[in-house]
Amino acid sequence: MSSTSNEIVLRAHGLVKRYGDFSAVDGIDFEVRRGESFGILGPNGAGKSTTMKMISAVSKRTDGELTILGKDPNLKGPEIRAHLGVVPQKDLLDRELKAWENLFVYGRYFGLPRKWLRTKVDELLAFAQLEDKRNSKVDEMSGGMQRRLAIARGLVNEPEILLLDEPTTGLDPQARHVLWDRLFRLRENGVTIILTTHYMDEAEQLCDRLVVMDAGKIMAEGAPADLIKQYASKEVLELRFGTDRNEETASKVVAFGERVEVLPDRVLLYTEDGEGSLERVIDAGLKPVTSLVRRASLEDVFLRLTGRSLVD
Amino acid sequence: MSDLKFTPGTRVDVRRAVRGGSWYVAEYRLRNMSHWWAAIMAFGLGNPVLYLVSVGIGIGGLVDKASGGHLLGGVPYLQFVAPALLASAAIQGVMDEVTFPVLEGFTWTQHFYAINSTSVSPRQIANGVIIAAIARGIWTVVLYGGILLLFGAIPLSSVLPLAASSLIAGIAWSAVIMAVSANVVNDDGVFAIIGRFVIAPMFLFSGTFYPLSLMPIYLQWIGWISPLWHSTQLGRDFTIGEVEPVWLVATHYAYFAVLLGLGLTITYRAFVRKLSE
């Protein structure tokens, strides 16, 4: 379990980022406590990465208030960044340098002593399970390894807050699980983690609390389980009747659950008892082509809040 | 598998980190350059030796013989071209480190964005690149200057001022080129264009191989706006005792100051803009 204190390490109030007439982030409010694992969930273009750039003390806000570790990033960017670990969406590793050099050089940017860094680099390579890739160049490593190296790089300055922008995008399931395990360990050790993702399973696995963003705004905020409880039912029955029949059958199916959503390829029936609802659907002679009962997820929360799927 | 234990936020000496950013970036650039040490070494040695043998001694021999030493006021051709060759090498050496490395940092590996996530500021990233480029310039000038001495192309007493004036030209010109590099969005061959249409004419029409005054007046302006000509003139003051009026010497230095100021202003703006978007 992570140990979360009441100390606020990041506070955003009415945070806005505009590019010309376009508001990428449109007046959002949230707080992150020390030791917390906080997620920003949303589809591509929701404003997650823009928010991340602002809380990385890199991109200046257009309006609103933002305090990171008690300081204003518009005024104290370098001082704040000295205590942040940043894992950007693109790894941005130096491909001319070996794995250990990438960590060493990055540590030097923080003015860390060379002698201390030599030990630290080995410790980080072990943590990232990359000891045998110590002298490999970046291009000789798999995508998962490069991602772990980028995370190790983000930890070289022993940061107060670790920021991860889409940490597992493009990774295969095994690489994702290895990476989640590494992040779990950090979380257990009290590192404050802020991550963006459009994977709901990742958000559920890693986040104590999260905000759901869409079109630059926060749609909901809370613990994953609480959000699911608030915006979705306990279970979801997924029914496929064929593309032509989904829409017309939905109006009949709704009688067997609390609420129904029609997607292009399937009908989602929100219910407290998925198996029971499925039996009643079949008893009514509706004959789905395929059916699946699953636990409600953040995907359903997002669908409820925006009327769209996360992968639209 | 190993666990990672630390007390978050206690390791970095913030004051030291924030102050030293430029030097840490320079250290990175030098480490990166060290991967190409053989090429830098070969270029540093091969370039002066080949030029001195072919142009200084080869063509120089013909010029001196044909003119009986009168064409250049009794100065051997090798000694005439030496300051220009050194200035040209300094300009090329420093410039090499502010063209593709900047394009790489912003466009290819985008490593500048990674550096920008640390306590280093955008201006410090630019400064670090410049410091490393100056180091490369010093290396080039020391090596080239040493070979010029060995060939008897310059007097020992002129080494330091000649090296300084060549390096100043390299730094000032590179500030301008870095301003261009920092504003390149895609690698669309801009440096090839600069090489063909700026560097090559500059090398040919800056009084490098013969006095600017011997060229037609409608070509002399190329020399006047060329950092190579200004540096070569200063160099010849030191090596072969050409005496220029004080106002012209002051103009040479003022010209470099303008290039440097203009180049750095545009460079810093581009770095801050790109890294703060």
# chains A, B, ... in the order shown; residues from 1 in each chain; ligands from 1
$ interface_residues --of "chain B" --to "chain A" --cutoff "6 Å" --atoms "only C-alpha atoms" --output "PyMOL selection string"
chain B and resi 1-3+8-9+17+24+111+114+118-119+276-277
$ residues_around --residues "range 202-205 of chain B" --least-positions-apart "4" --cutoff "8 Å" --atoms "only C-alpha atoms" --output "list in words"
Ser88, Val198, Phe209, Leu212, Leu219, Gln220, Ile222, Gly223, Ser226 and Leu228 of chain B
$ write_last_selection --atoms "N, CA, C and O atoms" --output "compact mmCIF listing (two decimals), in the first residue's frame"
# COMPACT_ATOMS: atom_id res chain seq x y z
N SER B 88 39.58 30.32 -41.34
CA SER B 88 38.60 29.48 -42.02
C SER B 88 38.38 28.17 -41.25
O SER B 88 37.24 27.72 -41.08
N VAL B 198 26.80 30.24 -49.21
CA VAL B 198 27.34 31.21 -48.25
C VAL B 198 28.81 30.90 -47.94
O VAL B 198 29.68 31.75 -48.11
N PHE B 209 42.88 34.01 -50.73
CA PHE B 209 43.98 33.56 -51.58
C PHE B 209 44.72 34.70 -52.27
O PHE B 209 45.78 34.49 -52.84
N LEU B 212 41.97 41.36 -51.20
CA LEU B 212 40.62 41.76 -51.62
C LEU B 212 40.69 42.92 -52.63
O LEU B 212 39.88 43.01 -53.55
N LEU B 219 32.79 42.83 -56.51
CA LEU B 219 32.87 41.59 -55.73
C LEU B 219 33.42 41.81 -54.32
O LEU B 219 33.31 40.95 -53.45
N GLN B 220 33.98 43.01 -54.14
CA GLN B 220 34.66 43.24 -52.86
C GLN B 220 33.70 43.27 -51.66
O GLN B 220 34.09 42.96 -50.54
N ILE B 222 31.52 41.26 -50.90
CA ILE B 222 31.39 39.93 -50.28
C ILE B 222 32.40 39.80 -49.15
O ILE B 222 32.11 39.28 -48.08
N GLY B 223 33.60 40.31 -49.39
CA GLY B 223 34.61 40.30 -48.35
C GLY B 223 34.24 41.17 -47.16
O GLY B 223 34.38 40.76 -46.01
N SER B 226 32.00 39.51 -44.89
CA SER B 226 32.38 38.15 -44.52
C SER B 226 33.21 38.14 -43.23
O SER B 226 34.20 38.86 -43.12
N LEU B 228 35.20 35.96 -42.41
CA LEU B 228 36.52 35.43 -42.76
C LEU B 228 37.47 36.57 -43.15
O LEU B 228 38.64 36.58 -42.75
$ select_by_dssp --residues "range 89-301 of chain A" --states "alpha helix (DSSP H)" --output "number ranges by chain"
A: 99-109, 114-127, 143-154, 173-188, 200-206, 224-231, 246-253, 274-283, 298-301
$ write_last_selection --atoms "C-alpha atoms" --output "CSV table (one decimal), in the first residue's frame"
chain,number,residue,atom,x,y,z
A,99,ALA,CA,22.2,2.7,-21.6
A,100,TRP,CA,24.4,3.6,-18.6
A,101,GLU,CA,25.6,6.8,-20.2
A,102,ASN,CA,22.0,7.9,-20.8
A,103,LEU,CA,21.5,7.7,-17.0
A,104,PHE,CA,24.8,9.2,-16.1
A,105,VAL,CA,24.5,12.2,-18.4
A,106,TYR,CA,21.0,12.9,-17.2
A,107,GLY,CA,22.1,12.8,-13.6
A,108,ARG,CA,24.8,15.3,-14.5
A,109,TYR,CA,22.2,17.8,-15.7
A,114,ARG,CA,30.1,11.8,-10.8
A,115,LYS,CA,31.2,9.4,-8.1
A,116,TRP,CA,27.7,9.1,-6.6
A,117,LEU,CA,26.2,8.7,-10.0
A,118,ARG,CA,28.4,5.7,-10.9
A,119,THR,CA,26.8,3.8,-8.1
A,120,LYS,CA,23.4,5.2,-8.7
A,121,VAL,CA,23.4,4.2,-12.4
A,122,ASP,CA,24.0,0.5,-11.5
A,123,GLU,CA,21.3,0.7,-8.9
A,124,LEU,CA,18.8,2.1,-11.4
A,125,LEU,CA,19.8,-0.4,-14.1
A,126,ALA,CA,19.1,-3.2,-11.6
A,127,PHE,CA,15.8,-1.7,-10.7
A,143,GLY,CA,10.5,-1.0,-26.8
A,144,GLY,CA,9.8,-2.2,-23.3
A,145,MET,CA,13.5,-1.9,-22.3
A,146,GLN,CA,13.7,1.6,-23.7
A,147,ARG,CA,10.6,2.5,-21.7
A,148,ARG,CA,12.1,1.1,-18.5
A,149,LEU,CA,15.4,2.9,-19.2
A,150,ALA,CA,13.4,6.2,-19.6
A,151,ILE,CA,11.7,5.5,-16.2
A,152,ALA,CA,15.1,4.8,-14.6
A,153,ARG,CA,16.4,8.0,-16.1
A,154,GLY,CA,13.4,9.9,-14.6
A,173,PRO,CA,1.1,-6.9,-22.5
A,174,GLN,CA,4.2,-8.6,-20.9
A,175,ALA,CA,6.2,-5.4,-21.1
A,176,ARG,CA,3.3,-3.5,-19.6
A,177,HIS,CA,3.1,-5.8,-16.7
A,178,VAL,CA,6.8,-5.6,-16.0
A,179,LEU,CA,6.6,-1.8,-16.1
A,180,TRP,CA,3.5,-1.7,-13.8
A,181,ASP,CA,5.4,-3.9,-11.3
A,182,ARG,CA,8.3,-1.3,-11.3
A,183,LEU,CA,5.8,1.5,-10.7
A,184,PHE,CA,4.0,-0.4,-8.0
A,185,ARG,CA,7.3,-0.6,-6.1
A,186,LEU,CA,8.0,3.1,-6.4
A,187,ARG,CA,4.5,3.8,-5.2
A,188,GLU,CA,5.1,1.5,-2.2
A,200,MET,CA,-8.5,2.3,-18.2
A,201,ASP,CA,-7.0,-0.9,-16.8
A,202,GLU,CA,-3.7,0.9,-16.3
A,203,ALA,CA,-5.5,3.7,-14.4
A,204,GLU,CA,-7.4,1.2,-12.3
A,205,GLN,CA,-4.2,-0.7,-11.5
A,206,LEU,CA,-1.9,2.2,-10.7
A,224,PRO,CA,-11.3,4.4,-9.7
A,225,ALA,CA,-13.7,2.2,-7.7
A,226,ASP,CA,-15.8,5.2,-6.5
A,227,LEU,CA,-16.1,6.5,-10.0
A,228,ILE,CA,-17.2,3.2,-11.3
A,229,LYS,CA,-19.7,2.9,-8.5
A,230,GLN,CA,-21.0,6.4,-9.1
A,231,TYR,CA,-21.2,6.4,-12.9
A,246,ASN,CA,-28.0,-3.5,-32.4
A,247,GLU,CA,-29.9,-0.2,-32.5
A,248,GLU,CA,-33.4,-1.6,-32.8
A,249,THR,CA,-32.7,-4.4,-30.2
A,250,ALA,CA,-31.4,-1.9,-27.6
A,251,SER,CA,-34.8,-0.6,-26.9
A,252,LYS,CA,-36.0,-4.1,-25.9
A,253,VAL,CA,-32.9,-5.0,-23.9
A,274,GLY,CA,-25.0,-9.8,-15.7
A,275,GLU,CA,-25.7,-13.5,-15.9
A,276,GLY,CA,-29.3,-13.0,-14.7
A,277,SER,CA,-29.9,-10.3,-17.3
A,278,LEU,CA,-28.4,-12.5,-20.0
A,279,GLU,CA,-30.8,-15.3,-19.1
A,280,ARG,CA,-33.8,-12.9,-19.3
A,281,VAL,CA,-32.5,-11.5,-22.7
A,282,ILE,CA,-32.4,-15.1,-24.1
A,283,ASP,CA,-35.8,-16.0,-22.5
A,298,LEU,CA,-13.5,3.2,-16.2
A,299,GLU,CA,-14.2,2.8,-19.9
A,300,ASP,CA,-17.9,2.7,-18.9
A,301,VAL,CA,-17.5,5.7,-16.7
$ closest_residue --among "A:Gly216, A:Tyr270, A:Ile40, A:Val211" --to "Ser233 in chain A" --atoms "only C-alpha atoms"
A:Tyr270
$ residues_around --residues "Leu259 in chain B" --least-positions-apart "2" --cutoff "10 Å" --atoms "only C-alpha atoms" --output "list in words"
Ala169, Ile171, Ala172, Trp173, Ser174, Ala175, Val176, Ile177, Pro227, Tyr253, Ala254, Tyr255, Phe256, Ala257, Gly261, Leu262, Gly263, Leu264 and Thr265 of chain B
$ atom_distance --atom1 "CA of Asp72 in chain A" --atom2 "CA of Asp26 in chain A"
18.9 Å
$ atom_distance --atom1 "CA of Lys98 in chain A" --atom2 "CA of Val138 in chain A"
6.5 Å
$ residues_around --residues "Arg236 in chain B" --least-positions-apart "5" --cutoff "7 Å" --atoms "only C-alpha atoms" --output "PyMOL selection string"
chain B and resi 83+241-242
$ write_last_selection --atoms "N, CA, C and O atoms" --output "mmCIF file, in the first residue's frame"
data_model
loop_
_atom_site.group_PDB
_atom_site.id
_atom_site.type_symbol
_atom_site.label_atom_id
_atom_site.label_comp_id
_atom_site.auth_asym_id
_atom_site.auth_seq_id
_atom_site.Cartn_x
_atom_site.Cartn_y
_atom_site.Cartn_z
ATOM 1 N N PRO B 83 47.029 33.061 -42.198
ATOM 2 C CA PRO B 83 45.991 33.580 -41.293
ATOM 3 C C PRO B 83 44.579 33.274 -41.801
ATOM 4 O O PRO B 83 43.678 32.994 -41.011
ATOM 5 N N GLY B 241 52.503 41.840 -40.424
ATOM 6 C CA GLY B 241 52.694 43.249 -40.115
ATOM 7 C C GLY B 241 51.976 44.211 -41.026
ATOM 8 O O GLY B 241 52.438 45.335 -41.238
ATOM 9 N N GLU B 242 50.835 43.761 -41.583
ATOM 10 C CA GLU B 242 50.010 44.723 -42.335
ATOM 11 C C GLU B 242 49.521 45.774 -41.351
ATOM 12 O O GLU B 242 49.072 45.426 -40.249
#
$ atom_distance --atom1 "CA of Leu86 in chain B" --atom2 "CA of Thr267 in chain B"
26.0 Å
$ closest_residue --among "A:Leu269, A:Asn74, A:Thr243, A:Leu41" --to "Ala223 in chain A" --atoms "only C-alpha atoms"
A:Leu41
$ residues_around --residues "Ala90 in chain B" --least-positions-apart "3" --cutoff "6 Å" --atoms "only C-alpha atoms" --output "list in words"
Ala87, Gly93, Gly137, Val141, Ser166, Leu167 and Gly170 of chain B
$ select_by_dssp --residues "range 61-125 of chain A" --states "strand (DSSP E or B)" --output "PyMOL selection string"
chain A and resi 63-68+71+84-87+98
$ write_last_selection --atoms "N, CA, C and O atoms" --output "PDB file, in the first residue's frame"
ATOM      1  N   ASP A  63      -3.477  30.882 -18.098  1.00  0.00           N
ATOM      2  CA  ASP A  63      -4.300  31.510 -17.064  1.00  0.00           C
ATOM      3  C   ASP A  63      -4.477  30.532 -15.905  1.00  0.00           C
ATOM      4  O   ASP A  63      -4.168  29.347 -16.024  1.00  0.00           O
ATOM      5  N   GLY A  64      -5.010  31.032 -14.813  1.00  0.00           N
ATOM      6  CA  GLY A  64      -5.269  30.184 -13.654  1.00  0.00           C
ATOM      7  C   GLY A  64      -4.063  30.112 -12.730  1.00  0.00           C
ATOM      8  O   GLY A  64      -3.076  30.821 -12.913  1.00  0.00           O
ATOM      9  N   GLU A  65      -4.198  29.231 -11.724  1.00  0.00           N
ATOM     10  CA  GLU A  65      -3.126  29.094 -10.736  1.00  0.00           C
ATOM     11  C   GLU A  65      -2.564  27.680 -10.769  1.00  0.00           C
ATOM     12  O   GLU A  65      -3.310  26.723 -10.959  1.00  0.00           O
ATOM     13  N   LEU A  66      -1.265  27.590 -10.566  1.00  0.00           N
ATOM     14  CA  LEU A  66      -0.610  26.286 -10.486  1.00  0.00           C
ATOM     15  C   LEU A  66       0.545  26.393  -9.496  1.00  0.00           C
ATOM     16  O   LEU A  66       1.396  27.273  -9.623  1.00  0.00           O
ATOM     17  N   THR A  67       0.523  25.510  -8.519  1.00  0.00           N
ATOM     18  CA  THR A  67       1.609  25.469  -7.540  1.00  0.00           C
ATOM     19  C   THR A  67       2.158  24.059  -7.491  1.00  0.00           C
ATOM     20  O   THR A  67       1.405  23.097  -7.329  1.00  0.00           O
ATOM     21  N   ILE A  68       3.474  23.931  -7.666  1.00  0.00           N
ATOM     22  CA  ILE A  68       4.112  22.623  -7.589  1.00  0.00           C
ATOM     23  C   ILE A  68       5.176  22.692  -6.501  1.00  0.00           C
ATOM     24  O   ILE A  68       6.050  23.565  -6.554  1.00  0.00           O
ATOM     25  N   LYS A  71       5.725  26.077  -5.183  1.00  0.00           N
ATOM     26  CA  LYS A  71       6.287  27.153  -6.012  1.00  0.00           C
ATOM     27  C   LYS A  71       5.484  27.326  -7.301  1.00  0.00           C
ATOM     28  O   LYS A  71       4.850  26.386  -7.772  1.00  0.00           O
ATOM     29  N   LEU A  84      11.657  17.007  -9.823  1.00  0.00           N
ATOM     30  CA  LEU A  84      10.706  16.205 -10.596  1.00  0.00           C
ATOM     31  C   LEU A  84      11.444  15.141 -11.391  1.00  0.00           C
ATOM     32  O   LEU A  84      12.570  15.360 -11.840  1.00  0.00           O
ATOM     33  N   GLY A  85      10.785  14.005 -11.574  1.00  0.00           N
ATOM     34  CA  GLY A  85      11.285  13.005 -12.505  1.00  0.00           C
ATOM     35  C   GLY A  85      10.281  12.945 -13.646  1.00  0.00           C
ATOM     36  O   GLY A  85       9.078  12.782 -13.396  1.00  0.00           O
ATOM     37  N   VAL A  86      10.748  13.129 -14.853  1.00  0.00           N
ATOM     38  CA  VAL A  86       9.815  13.207 -15.978  1.00  0.00           C
ATOM     39  C   VAL A  86      10.076  12.076 -16.965  1.00  0.00           C
ATOM     40  O   VAL A  86      11.201  11.865 -17.400  1.00  0.00           O
ATOM     41  N   VAL A  87       9.018  11.341 -17.268  1.00  0.00           N
ATOM     42  CA  VAL A  87       9.102  10.290 -18.293  1.00  0.00           C
ATOM     43  C   VAL A  87       8.159  10.705 -19.417  1.00  0.00           C
ATOM     44  O   VAL A  87       6.947  10.536 -19.311  1.00  0.00           O
ATOM     45  N   LYS A  98      25.300   4.869 -24.676  1.00  0.00           N
ATOM     46  CA  LYS A  98      24.929   3.567 -24.134  1.00  0.00           C
ATOM     47  C   LYS A  98      23.901   3.765 -23.020  1.00  0.00           C
ATOM     48  O   LYS A  98      23.717   4.886 -22.519  1.00  0.00           O
TER      49      LYS A  98
END
$ residues_around --residues "Gly105 in chain B" --least-positions-apart "5" --cutoff "12 Å" --atoms "only C-alpha atoms" --output "PyMOL selection string"
(chain A and resi 92-96) or (chain B and resi 25+28-29+32+97-100+110-116+122+125-126+129+181-182+184-185+271+274-275)
